[in-house]
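S.K.: Below is the file run_22.cif, which contains mmCIF, C-alpha atoms.
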data_work
#
loop_
_atom_site.label_atom_id
_atom_site.label_comp_id
_atom_site.auth_asym_id
_atom_site.auth_seq_id
_atom_site.Cartn_x
_atom_site.Cartn_y
_atom_site.Cartn_z
CA MET X 255 16.22 -10.75 15.86
CA LEU X 256 15.83 -10.90 12.10
CA PRO X 257 12.92 -8.58 11.23
CA TYR X 258 10.28 -9.54 8.67
CA GLY X 259 11.03 -6.34 6.78
CA ARG X 260 13.65 -3.61 6.95
CA GLN X 261 14.73 -0.48 5.09
CA SER X 262 17.90 -0.41 2.97
CA ILE X 263 19.80 2.85 3.40
CA ASP X 264 23.15 3.44 1.67
CA GLY X 265 25.65 6.29 1.49
CA ASP X 266 23.93 7.90 -1.49
CA ASP X 267 20.67 8.02 0.47
CA VAL X 268 22.45 9.71 3.38
CA ARG X 269 24.22 12.20 1.10
CA ALA X 270 20.94 13.11 -0.61
CA VAL X 271 19.33 13.89 2.74
CA CYS X 272 22.37 15.82 4.00
CA GLU X 273 22.42 17.99 0.88
CA VAL X 274 18.86 19.09 1.58
CA LEU X 275 19.63 19.68 5.26
CA SER X 276 22.48 21.96 4.18
CA GLY X 277 20.36 23.84 1.65
CA ASP X 278 17.58 26.40 1.71
CA TRP X 279 14.53 24.11 1.57
CA LEU X 280 13.49 21.61 4.19
CA THR X 281 9.90 21.34 3.01
CA THR X 282 7.89 22.09 -0.13
CA GLY X 283 10.99 22.64 -2.23
CA PRO X 284 12.47 21.27 -5.45
CA GLN X 285 12.91 17.72 -4.16
CA VAL X 286 9.14 17.33 -3.83
CA ALA X 287 8.67 17.91 -7.54
CA ALA X 288 11.66 15.68 -8.35
CA PHE X 289 10.26 12.83 -6.25
CA GLU X 290 6.79 13.13 -7.76
CA ALA X 291 8.24 13.15 -11.27
CA GLU X 292 10.37 10.05 -10.62
CA LEU X 293 7.43 8.27 -9.03
CA ALA X 294 5.22 9.12 -12.01
CA ARG X 295 7.77 7.42 -14.24
CA TRP X 296 7.28 4.21 -12.25
CA ALA X 297 3.51 4.70 -12.45
CA GLY X 298 3.45 4.61 -16.24
CA GLY X 299 3.50 8.37 -16.62
CA VAL X 300 0.48 8.96 -14.38
CA PRO X 301 1.13 12.13 -12.33
CA CYS X 302 1.49 11.81 -8.57
CA VAL X 303 1.00 13.89 -5.42
CA SER X 304 3.22 13.05 -2.46
CA VAL X 305 1.81 12.98 1.08
CA THR X 306 2.97 12.14 4.58
CA SER X 307 1.99 8.45 4.77
CA GLY X 308 0.17 5.63 3.06
CA THR X 309 -2.81 6.36 5.30
CA ALA X 310 -2.75 10.02 4.25
CA ALA X 311 -2.64 8.81 0.64
CA LEU X 312 -5.81 6.76 1.11
CA HIS X 313 -7.57 9.64 2.86
CA THR X 314 -6.52 12.03 0.10
CA ALA X 315 -7.56 9.62 -2.66
CA TYR X 316 -11.02 9.16 -1.15
CA VAL X 317 -11.41 12.93 -0.89
CA ALA X 318 -10.35 13.29 -4.53
CA ALA X 319 -12.94 10.62 -5.41
CA GLY X 320 -15.63 12.73 -3.73
CA ILE X 321 -16.43 10.20 -1.01
CA GLY X 322 -18.87 11.39 1.64
CA PRO X 323 -21.85 10.39 3.79
CA GLY X 324 -24.24 8.05 2.03
CA ASP X 325 -21.60 6.62 -0.31
CA GLU X 326 -20.41 3.03 -0.21
CA VAL X 327 -16.82 1.84 -0.62
CA VAL X 328 -16.30 -1.83 -1.48
CA THR X 329 -12.93 -3.22 -0.43
CA SER X 330 -11.00 -6.21 0.84
CA PRO X 331 -10.84 -7.03 4.54
CA LEU X 332 -7.35 -8.55 4.18
CA THR X 333 -5.45 -5.30 4.52
CA PHE X 334 -4.21 -2.86 7.10
CA VAL X 335 -7.27 -1.16 8.56
CA ALA X 336 -6.47 2.22 6.98
CA THR X 337 -7.79 1.04 3.61
CA ALA X 338 -11.23 1.01 5.20
CA SER X 339 -10.99 3.46 8.10
CA THR X 340 -10.07 6.47 5.97
CA ALA X 341 -13.32 5.96 4.03
CA THR X 342 -15.30 5.49 7.24
CA LEU X 343 -13.90 8.76 8.61
CA LEU X 344 -15.38 10.55 5.58
CA GLY X 345 -18.82 9.18 6.43
CA ALA X 346 -18.90 6.39 3.85
CA GLN X 347 -20.26 2.91 4.48
CA VAL X 348 -17.49 0.36 3.96
CA VAL X 349 -18.66 -2.90 2.39
CA PHE X 350 -16.18 -5.75 2.76
CA ALA X 351 -16.06 -8.26 -0.11
CA ASP X 352 -14.22 -11.55 0.06
CA VAL X 353 -10.82 -12.35 -1.43
CA GLU X 354 -9.49 -14.92 -3.88
CA PRO X 355 -8.38 -17.93 -1.82
CA ASP X 356 -4.96 -18.15 -3.51
CA THR X 357 -3.75 -14.55 -3.99
CA ALA X 358 -5.68 -12.97 -1.07
CA ASN X 359 -6.62 -10.14 -3.46
CA LEU X 360 -10.13 -8.76 -3.79
CA ASP X 361 -12.30 -11.27 -5.69
CA PRO X 362 -13.96 -9.46 -8.64
CA ALA X 363 -17.07 -11.68 -8.38
CA ALA X 364 -17.42 -10.90 -4.67
CA ALA X 365 -16.87 -7.20 -5.35
CA HIS X 366 -19.56 -7.25 -8.04
CA ALA X 367 -22.01 -8.93 -5.65
CA ALA X 368 -21.28 -6.26 -3.03
CA THR X 369 -22.00 -3.25 -5.25
CA THR X 370 -25.26 -1.30 -5.03
CA ALA X 371 -26.63 1.93 -6.44
CA ARG X 372 -24.72 3.73 -3.66
CA THR X 373 -21.29 2.27 -4.53
CA LYS X 374 -18.94 5.10 -5.38
CA VAL X 375 -15.56 3.38 -5.11
CA VAL X 376 -14.17 -0.14 -5.30
CA THR X 377 -10.74 -0.33 -3.68
CA ALA X 378 -8.45 -3.21 -4.56
CA VAL X 379 -5.42 -4.11 -2.43
CA ASP X 380 -2.30 -5.50 -4.11
CA TYR X 381 -1.63 -7.96 -1.33
CA ALA X 382 2.08 -8.75 -0.77
CA GLY X 383 2.90 -6.92 -4.03
CA HIS X 384 0.82 -9.21 -6.27
CA PRO X 385 -1.46 -7.01 -8.41
CA ALA X 386 -5.20 -7.54 -8.20
CA ASP X 387 -7.10 -8.52 -11.35
CA TYR X 388 -7.64 -4.99 -12.62
CA ASP X 389 -9.32 -5.84 -15.92
CA ALA X 390 -11.99 -7.86 -14.12
CA LEU X 391 -12.36 -5.18 -11.44
CA ARG X 392 -12.71 -2.48 -14.10
CA LYS X 393 -15.72 -4.34 -15.47
CA VAL X 394 -17.19 -4.27 -11.94
CA THR X 395 -16.72 -0.52 -11.51
CA ASP X 396 -17.94 0.27 -15.03
CA ALA X 397 -21.13 -1.69 -14.37
CA ALA X 398 -21.63 0.07 -11.03
CA GLY X 399 -20.74 3.55 -12.30
CA ALA X 400 -18.00 3.66 -9.64
CA LEU X 401 -14.35 4.63 -9.48
CA LEU X 402 -11.57 2.06 -9.20
CA VAL X 403 -8.96 2.75 -6.51
CA ALA X 404 -5.79 0.71 -6.05
CA ASP X 405 -4.22 0.44 -2.61
CA ALA X 406 -0.73 -0.32 -3.92
CA ALA X 407 1.05 0.16 -0.60
CA HIS X 408 2.80 -3.18 -1.25
CA ALA X 409 3.21 -2.91 -4.99
CA ILE X 410 5.52 -0.15 -6.17
CA GLY X 411 7.34 -1.64 -9.18
CA SER X 412 4.79 -4.42 -9.78
CA ARG X 413 3.23 -4.99 -13.20
CA TYR X 414 -0.11 -6.33 -14.41
CA ARG X 415 -0.29 -7.62 -17.99
CA ASP X 416 2.94 -5.67 -18.59
CA ARG X 417 1.38 -2.44 -17.32
CA PRO X 418 2.82 -0.78 -14.22
CA VAL X 419 0.86 -0.49 -11.02
CA GLY X 420 -0.11 3.16 -10.80
CA SER X 421 -1.58 3.22 -14.31
CA LEU X 422 -4.34 0.64 -13.77
CA ALA X 423 -6.89 2.40 -11.56
CA ASP X 424 -8.47 5.85 -11.47
CA LEU X 425 -6.59 6.58 -8.26
CA THR X 426 -3.63 4.63 -6.86
CA THR X 427 -2.09 5.01 -3.42
CA PHE X 428 1.46 4.16 -2.39
CA SER X 429 3.19 3.82 0.97
CA PHE X 430 6.84 4.46 1.75
CA PHE X 431 7.00 3.13 5.31
CA PRO X 432 10.43 1.62 6.20
CA THR X 433 9.33 -1.99 5.60
CA LYS X 434 8.07 -1.17 2.11
CA THR X 435 10.20 -1.69 -1.01
CA VAL X 436 11.01 2.03 -1.21
CA THR X 437 11.06 4.27 1.86
CA THR X 438 10.91 7.95 2.73
CA ALA X 439 10.82 7.02 6.47
CA GLU X 440 7.14 7.95 6.57
CA GLY X 441 5.44 8.90 3.36
CA GLY X 442 2.93 8.09 0.67
CA ALA X 443 1.58 9.27 -2.66
CA VAL X 444 -1.53 9.37 -4.82
CA ALA X 445 -1.45 8.78 -8.58
CA ALA X 446 -4.47 10.11 -10.47
CA THR X 447 -5.37 9.60 -14.12
CA ASP X 448 -7.89 12.51 -14.13
CA PRO X 449 -6.28 15.99 -13.83
CA ARG X 450 -9.25 17.22 -11.80
CA ARG X 451 -8.77 14.51 -9.20
CA LEU X 452 -5.03 15.17 -9.16
CA GLU X 453 -5.72 18.84 -8.46
CA ALA X 454 -8.20 17.91 -5.72
CA ALA X 455 -5.56 15.69 -4.12
CA ALA X 456 -2.87 18.37 -4.35
CA ARG X 457 -5.20 20.96 -2.82
CA PHE X 458 -6.35 18.68 -0.01
CA ARG X 459 -2.77 17.86 1.07
CA ASN X 460 -2.12 21.61 1.43
CA HIS X 461 -5.05 22.81 3.58
CA GLY X 462 -7.27 23.48 0.55
CA LEU X 463 -5.27 26.64 -0.17
CA VAL X 464 -5.19 28.42 -3.53
CA ARG X 465 -2.98 31.29 -4.63
CA ASP X 466 -3.91 31.46 -8.32
CA ARG X 467 -5.49 34.89 -8.83
CA GLU X 468 -8.11 33.45 -11.17
CA LEU X 469 -9.35 31.13 -8.43
CA LEU X 470 -9.46 33.70 -5.61
CA ARG X 471 -12.79 35.07 -4.46
CA HIS X 472 -11.11 38.31 -3.33
CA PRO X 473 -8.15 38.72 -5.71
CA ASP X 474 -7.24 42.33 -4.89
CA GLU X 475 -6.16 41.93 -1.25
CA GLY X 476 -2.46 41.99 -2.08
CA GLY X 477 0.43 39.82 -3.18
CA TRP X 478 0.38 37.90 0.09
CA HIS X 479 -3.22 36.80 -0.29
CA GLN X 480 -4.29 33.15 -0.35
CA GLU X 481 -7.63 31.50 0.33
CA VAL X 482 -8.93 28.18 1.57
CA VAL X 483 -11.56 27.20 -1.00
CA THR X 484 -12.16 23.66 0.30
CA PHE X 485 -11.25 22.05 3.60
CA GLY X 486 -7.93 20.22 3.62
CA LEU X 487 -5.09 19.11 5.86
CA ASN X 488 -1.33 19.47 6.03
CA TYR X 489 -0.24 16.22 4.40
CA ARG X 490 2.82 17.74 2.66
CA LEU X 491 5.82 15.42 2.44
CA PRO X 492 8.94 17.51 3.22
CA ASP X 493 11.86 18.06 0.87
CA VAL X 494 14.27 16.20 3.12
CA LEU X 495 12.20 13.00 2.88
CA CYS X 496 11.54 13.46 -0.83
CA ALA X 497 15.30 13.62 -1.40
CA LEU X 498 15.56 10.21 0.24
CA GLY X 499 12.67 9.01 -1.91
CA VAL X 500 14.30 10.14 -5.16
CA ASN X 501 17.41 8.13 -4.40
CA GLN X 502 15.40 5.14 -3.21
CA LEU X 503 13.43 5.07 -6.47
CA ARG X 504 16.73 4.98 -8.37
CA ARG X 505 17.57 1.85 -6.38
CA LEU X 506 14.18 0.23 -7.01
CA PRO X 507 15.40 -2.09 -9.82
CA ALA X 508 18.06 -3.51 -7.49
CA PHE X 509 15.57 -3.81 -4.62
CA ARG X 510 13.14 -5.60 -6.88
CA ALA X 511 15.78 -8.00 -8.19
CA ARG X 512 17.04 -8.93 -4.73
CA ARG X 513 13.54 -9.55 -3.43
CA ALA X 514 12.82 -11.73 -6.47
CA ALA X 515 15.98 -13.76 -5.83
CA LEU X 516 15.01 -14.31 -2.20
CA VAL X 517 11.49 -15.33 -3.21
CA ALA X 518 12.93 -17.83 -5.68
CA ARG X 519 15.13 -19.33 -2.95
CA TYR X 520 12.15 -19.63 -0.61
CA ASP X 521 10.06 -21.23 -3.36
CA ALA X 522 12.77 -23.75 -4.21
CA VAL X 523 12.99 -25.04 -0.64
CA LEU X 524 9.39 -24.68 0.54
CA GLY X 525 7.44 -25.53 -2.60
CA GLY X 526 5.61 -28.80 -2.11
CA LEU X 527 6.42 -29.03 1.60
CA ASP X 528 3.70 -30.82 3.55
CA GLY X 529 1.85 -28.49 5.91
CA LEU X 530 2.84 -25.30 4.08
CA ALA X 531 1.62 -23.36 1.03
CA THR X 532 3.84 -20.83 -0.75
CA PRO X 533 2.48 -17.61 -2.34
CA ALA X 534 0.38 -17.95 -5.48
CA ARG X 535 1.25 -16.05 -8.62
CA ARG X 536 -1.23 -15.53 -11.44
CA ALA X 537 -0.05 -15.60 -15.07
CA TYR X 538 -0.96 -11.91 -15.52
CA ALA X 539 1.18 -10.73 -12.60
CA ASP X 540 4.81 -9.66 -12.35
CA PRO X 541 4.97 -8.84 -8.64
CA ALA X 542 7.56 -6.73 -6.87
CA TRP X 543 7.20 -8.81 -3.71
CA HIS X 544 6.79 -6.82 -0.51
CA LEU X 545 5.91 -9.84 1.65
CA TYR X 546 6.58 -13.53 1.42
CA PRO X 547 3.29 -14.87 2.84
CA VAL X 548 3.13 -18.60 3.47
CA ARG X 549 0.13 -20.51 4.77
CA VAL X 550 0.76 -22.87 7.68
CA ARG X 551 -1.70 -25.76 7.48
CA GLY X 552 -3.12 -27.97 10.20
CA GLY X 553 -3.84 -25.27 12.78
CA ARG X 554 -0.14 -24.81 13.56
CA ARG X 555 0.27 -21.12 12.63
CA ARG X 556 0.39 -19.92 16.27
CA GLU X 557 2.92 -22.62 17.20
CA VAL X 558 5.15 -21.80 14.24
CA TYR X 559 4.91 -18.05 14.94
CA ASP X 560 5.86 -18.48 18.61
CA ARG X 561 8.74 -20.88 17.93
CA MET X 562 10.19 -18.79 15.10
CA ARG X 563 10.03 -15.67 17.25
CA ALA X 564 11.67 -17.52 20.15
CA ALA X 565 14.47 -18.44 17.74
CA GLY X 566 15.05 -14.77 16.92
CA ILE X 567 13.26 -14.74 13.57
CA GLY X 568 10.71 -11.93 13.34
CA VAL X 569 7.92 -13.53 11.36
CA GLN X 570 4.71 -11.51 11.16
CA VAL X 571 1.00 -11.97 10.46
CA ASN X 572 -0.55 -9.77 7.73
CA TYR X 573 -3.40 -9.03 8.45
CA ILE X 574 -6.21 -9.34 10.94
CA PRO X 575 -9.40 -8.99 8.81
CA ALA X 576 -10.24 -5.31 9.05
CA TYR X 577 -13.79 -5.86 10.33
CA TRP X 578 -12.47 -7.91 13.28
CA HIS X 579 -11.09 -4.73 14.85
CA PRO X 580 -13.28 -3.50 17.72
CA VAL X 581 -13.91 -0.20 15.96
CA TYR X 582 -15.75 -2.10 13.21
CA GLU X 583 -17.32 -4.62 15.58
CA ASP X 584 -18.83 -1.62 17.38
CA LEU X 585 -20.37 -0.53 14.06
CA GLY X 586 -22.10 -3.90 13.68
CA TYR X 587 -19.66 -5.80 11.48
CA ARG X 588 -19.45 -9.48 12.42
CA ARG X 589 -17.01 -12.32 11.93
CA GLY X 590 -17.90 -14.80 9.21
CA MET X 591 -18.65 -12.14 6.57
CA CYS X 592 -15.73 -13.07 4.31
CA PRO X 593 -14.86 -16.75 4.85
CA HIS X 594 -11.99 -16.89 2.35
CA ALA X 595 -10.27 -13.90 3.97
CA GLU X 596 -10.74 -15.38 7.44
CA ALA X 597 -9.40 -18.78 6.33
CA TYR X 598 -6.36 -17.10 4.77
CA TYR X 599 -5.71 -15.06 7.92
CA ALA X 600 -5.92 -18.20 10.11
CA GLU X 601 -2.94 -19.71 8.27
CA GLN X 602 -0.94 -16.71 7.06
CA LEU X 603 2.65 -16.04 8.16
CA SER X 604 5.09 -13.58 6.59
CA LEU X 605 8.71 -14.76 6.45
CA PRO X 606 11.57 -12.22 6.47
CA LEU X 607 11.99 -10.49 3.10
CA TYR X 608 14.10 -7.40 2.48
CA PRO X 609 17.12 -6.53 0.31
CA GLY X 610 19.61 -6.69 3.18
CA LEU X 611 18.59 -10.25 4.06
CA THR X 612 21.66 -12.32 3.22
CA ASP X 613 21.61 -15.85 1.87
CA ALA X 614 22.97 -16.99 5.23
CA ASP X 615 20.16 -15.16 7.05
CA GLN X 616 17.61 -16.79 4.77
CA ASP X 617 19.19 -20.21 5.29
CA ARG X 618 18.74 -19.69 9.03
CA VAL X 619 15.05 -18.85 8.49
CA LEU X 620 14.57 -21.94 6.37
CA ALA X 621 16.42 -24.23 8.77
CA GLU X 622 14.30 -23.12 11.72
CA LEU X 623 11.06 -23.42 9.76
CA LEU X 624 11.93 -26.88 8.43
CA ALA X 625 12.93 -28.05 11.89
CA ILE X 626 9.49 -27.10 13.18
CA LEU X 627 7.48 -28.52 10.30
CA THR X 628 9.38 -31.74 9.55
#
Can the structure from this file be put into structure tokens for me?

M.R.:
Amino acid sequence: MLPYGRQSIDGDDVRAVCEVLSGDWLTTGPQVAAFEAELARWAGGVPCVSVTSGTAALHTAYVAAGIGPGDEVVTSPLTFVATASTATLLGAQVVFADVEPDTANLDPAAAHAATTARTKVVTAVDYAGHPADYDALRKVTDAAGALLVADAAHAIGSRYRDRPVGSLADLTTFSFFPTKTVTTAEGGAVAATDPRRLEAAARFRNHGLVRDRELLRHPDEGGWHQEVVTFGLNYRLPDVLCALGVNQLRRLPAFRARRAALVARYDAVLGGLDGLATPARRAYADPAWHLYPVRVRGGRRREVYDRMRAAGIGVQVNYIPAYWHPVYEDLGYRRGMCPHAEAYYAEQLSLPLYPGLTDADQDRVLAELLAILT
């Protein structure tokens, strides 16, 4: 079975991990700082805090944004549910706004219409690695007095108007799950343009602990003393995984180039094919493609999915609209709220895309797909 996405691990990755396993630090050591520094370079110099997953990154970002009961978070429904659920868990009301029909990214006009006096955050999702329209979304958040958050789980290495993802929003979250462009096995990060929010994120991922004598309420207890000044969790990404992440980030240009070459091959064969739409790309975007999402027309998506899977090609659907999940249905959310997102979902199919996909593998994918559609 060809998967729709897969990690790329080489000998240097393995050696980097083994060096840490043979050393003194397995967690919270020098590789954490090295990984965060290298990631910040990709984020346009915006400092980053590493955490244990993309979901942990979203949770941490919302905490750093001060989200709580009574606040509203406007976001896209065409995303993995964690973009919304981490805000819901903090007591916020999630307001789903529709997407652009071509890119599947949050529509700035729909986001603007969804804002109220209670809107504290607007969260864009860089679907498939294509950046959202951040200049337009910034106008929305400025008008609402809200923060702009970027869920860039798909978009490490992408650029918007020649600016790197990570430098476009007040808070940006990344994911390093194995199917993502860069992996730490499990892992994530938060980039924050405001030092206060960066500090809040760093504190939250470490139980809310402080050791700085100037911040302690009872500073004379002894050299061992530390205090929890705000509630937090253990979201620390260990040294052994950060070592993998450092080496993976060094390989990011090659990953990006190979994905771009595969996308170009898909486009060349599938562009203009009856019954299929290839991914849109806006003039302002330079995507580092995480997915290759096609749209299967004519109500044939389920047929194509089943037949491709039966042929050993692991196509995938990304994603069920978040408010379709029972957990949101039980909160009163109903189908039909975001018609563009639902129409996109009804046709969407992700074809295999990862650096280790060979030209021969891709030719097999294309041959099977063309045999079904033509």

S.K.: Choose the residue, out of X:Thr612, X:Val558, X:Val581, X:Thr437, that has the smallest atom-to-atom separation from X:Ala625; count all atoms listed in the file.

M.R.: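 The shortest atom-to-atom distance to X:Ala625 comes from X:Val558.
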
S.K.: Taking only residues of stretch 258-335 of chain X that have an atom at most 8 Å from an atom of stretch 490-493 of chain X, what is each one's shortest atom pair and its distance in Å to one decimal, using all atoms listed in the file, in chain and number order, as a tab-separated table?

M.R.:
residue	atom	partner	partner_atom	distance
X:Val274	CA	X:Asp493	CA	7.1
X:Trp279	CA	X:Asp493	CA	6.6
X:Leu280	CA	X:Asp493	CA	5.1
X:Thr281	CA	X:Pro492	CA	4.0
X:Thr282	CA	X:Asp493	CA	5.7
X:Gly283	CA	X:Asp493	CA	5.6
X:Pro284	CA	X:Asp493	CA	7.1
X:Gln285	CA	X:Asp493	CA	5.1
X:Val286	CA	X:Asp493	CA	5.5
X:Ser304	CA	X:Leu491	CA	6.0
X:Val305	CA	X:Leu491	CA	4.9
X:Thr306	CA	X:Leu491	CA	4.8

S.K.: When you look at X:Tyr573 with a cut-off of 8 Å (counting all atoms listed in the file), what residues show up, excluding the ones that are within fewer than 4 positions of it in the same chain? I need them as JSON, numbers by chain.

M.R.: {"X": [332, 333, 334, 599]}

S.K.: Just checking: using only C-alpha atoms, which residue out of X:Thr370, X:Gln616, X:Gln347, X:Ser421 ends up closest to X:Arg513?

M.R.: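 Closest candidate: X:Gln616.
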
S.K.: Nearest to X:Ala351: which of X:Leu402, X:Cys592, X:Ala542, X:Ala318 is it, counting all atoms listed in the file?

M.R.: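 When distances to X:Ala351 are compared using all atoms listed in the file, the smallest one comes from X:Cys592.
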
S.K.: Tell me which protein, DNA and RNA residues are within 12 Å of stretch 460-468 of chain X, counting all atoms listed in the file, leaving out same-chain ones fewer than 3 positions away, and put them as a PyMOL selection string.

M.R.: chain X and resi 282+303-306+310+314+317-318+453-457+471-492

S.K.: Have a look at atom CA of X:Asp405 and atom CA of X:Ala537 and let me know their distance in Å, one decimal.

M.R.: 20.7 Å

S.K.: Between X:Gly566, X:Leu605, X:His408, X:Pro575, which residue has the minimum interatomic distance to X:Asp521, considering only C-alpha atoms?

M.R.: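 Of all the options, X:Leu605 lies closest to X:Asp521.
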
S.K.: Once the PyMOL selection byres ((chain X and resi 427) around 10) has been applied to the shown file, what residues remain in the selection, as a ChimeraX atom specification?

M.R.: /X:302-305,307-315,337,379,403-410,419-420,423,425-426,428-429,442-446

S.K.: Taking into account all atoms listed in the file, which residue in the set X:Pro362, X:Pro355, X:Gly399, X:Gly411 is nearest to X:Gly298?

M.R.: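 Residue with the minimum atom-to-atom distance to X:Gly298: X:Gly411.
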
S.K.: I need the output of the PyMOL selection byres ((chain X and resi 507) around 12) for this file as a PyMOL selection string; which residues are they?

M.R.: chain X and resi 296+410-412+435-436+501-506+508-514+542+609

S.K.: Applied to the shown file, which residues does the PyMOL selection byres ((chain X and resi 263) around 10) return, written as a list in words?

M.R.: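 So the PyMOL selection byres ((chain X and resi 263) around 10), applied here, picks out Arg260, Gln261, Ser262, Asp264, Gly265, Asp266, Asp267, Val268, Pro432, Val436, Thr437, Leu498, Asn501, Gln502 and Gly610 of chain X.
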
S.K.: What does the structure give for the distance between atom CA of X:Val327 and atom CA of X:Val348, in Å to one decimal?

M.R.: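 Spanning atom CA of X:Val327 to atom CA of X:Val348 is a straight-line distance of 4.9 Å.
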
S.K.: Please, which residues are within 12 Å of (-19.4, 10.8, 9.2) by the file's coordinates, counting only C-alpha atoms, and could they come as a VMD selection string?

M.R.: chain X and resid 321 to 325 339 to 348

S.K.: Counting all atoms listed in the file, which residue out of X:Phe350, X:His544, X:Val271, X:Glu290 sits closest to X:Arg589?

M.R.: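 So, comparing all the options, the nearest one is X:Phe350.
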
S.K.: Counting only C-alpha atoms, what is within 12 Å of X:Gly590, bar same-chain residues fewer than 2 positions away, as a ChimeraX atom specification?

M.R.: /X:331,350-352,575,577-578,587-588,592-597

S.K.: Using the partial input, fill out stretch 275-288 of chain X with N, CA, C and O atoms; write the result as an mmCIF file, in the coordinates of the input.

M.R.:
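File produced: rebuild.cif:
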data_model
loop_
_atom_site.group_PDB
_atom_site.id
_atom_site.type_symbol
_atom_site.label_atom_id
_atom_site.label_comp_id
_atom_site.auth_asym_id
_atom_site.auth_seq_id
_atom_site.Cartn_x
_atom_site.Cartn_y
_atom_site.Cartn_z
ATOM 1 N N LEU X 275 19.481 19.071 3.935
ATOM 2 C CA LEU X 275 19.630 19.680 5.260
ATOM 3 C C LEU X 275 20.593 20.869 5.239
ATOM 4 O O LEU X 275 20.467 21.783 6.055
ATOM 5 N N SER X 276 21.516 20.857 4.290
ATOM 6 C CA SER X 276 22.480 21.960 4.180
ATOM 7 C C SER X 276 21.995 23.068 3.250
ATOM 8 O O SER X 276 22.681 24.089 3.109
ATOM 9 N N GLY X 277 20.854 22.876 2.629
ATOM 10 C CA GLY X 277 20.360 23.840 1.650
ATOM 11 C C GLY X 277 19.312 24.776 2.220
ATOM 12 O O GLY X 277 19.161 24.928 3.443
ATOM 13 N N ASP X 278 18.554 25.385 1.332
ATOM 14 C CA ASP X 278 17.580 26.400 1.710
ATOM 15 C C ASP X 278 16.189 25.843 1.987
ATOM 16 O O ASP X 278 15.369 26.498 2.626
ATOM 17 N N TRP X 279 15.889 24.641 1.489
ATOM 18 C CA TRP X 279 14.530 24.110 1.570
ATOM 19 C C TRP X 279 14.524 22.828 2.402
ATOM 20 O O TRP X 279 15.199 21.860 2.069
ATOM 21 N N LEU X 280 13.727 22.836 3.454
ATOM 22 C CA LEU X 280 13.490 21.610 4.190
ATOM 23 C C LEU X 280 12.151 20.997 3.824
ATOM 24 O O LEU X 280 11.953 19.786 3.951
ATOM 25 N N THR X 281 11.222 21.835 3.390
ATOM 26 C CA THR X 281 9.900 21.340 3.010
ATOM 27 C C THR X 281 9.378 22.125 1.822
ATOM 28 O O THR X 281 9.742 23.297 1.631
ATOM 29 N N THR X 282 8.557 21.485 1.018
ATOM 30 C CA THR X 282 7.890 22.090 -0.130
ATOM 31 C C THR X 282 8.887 22.803 -1.048
ATOM 32 O O THR X 282 8.665 23.925 -1.483
ATOM 33 N N GLY X 283 9.971 22.099 -1.351
ATOM 34 C CA GLY X 283 10.990 22.640 -2.230
ATOM 35 C C GLY X 283 11.153 21.799 -3.479
ATOM 36 O O GLY X 283 10.276 21.003 -3.835
ATOM 37 N N PRO X 284 12.289 21.921 -4.151
ATOM 38 C CA PRO X 284 12.470 21.270 -5.450
ATOM 39 C C PRO X 284 12.498 19.744 -5.386
ATOM 40 O O PRO X 284 12.182 19.080 -6.383
ATOM 41 N N GLN X 285 12.863 19.172 -4.240
ATOM 42 C CA GLN X 285 12.910 17.720 -4.160
ATOM 43 C C GLN X 285 11.514 17.089 -4.176
ATOM 44 O O GLN X 285 11.364 15.930 -4.553
ATOM 45 N N VAL X 286 10.512 17.837 -3.760
ATOM 46 C CA VAL X 286 9.140 17.330 -3.830
ATOM 47 C C VAL X 286 8.757 17.075 -5.278
ATOM 48 O O VAL X 286 8.272 15.985 -5.643
ATOM 49 N N ALA X 287 8.991 18.058 -6.114
ATOM 50 C CA ALA X 287 8.670 17.910 -7.540
ATOM 51 C C ALA X 287 9.515 16.807 -8.172
ATOM 52 O O ALA X 287 9.026 16.033 -9.015
ATOM 53 N N ALA X 288 10.791 16.719 -7.782
ATOM 54 C CA ALA X 288 11.660 15.680 -8.350
ATOM 55 C C ALA X 288 11.171 14.288 -7.965
ATOM 56 O O ALA X 288 11.178 13.369 -8.792
#
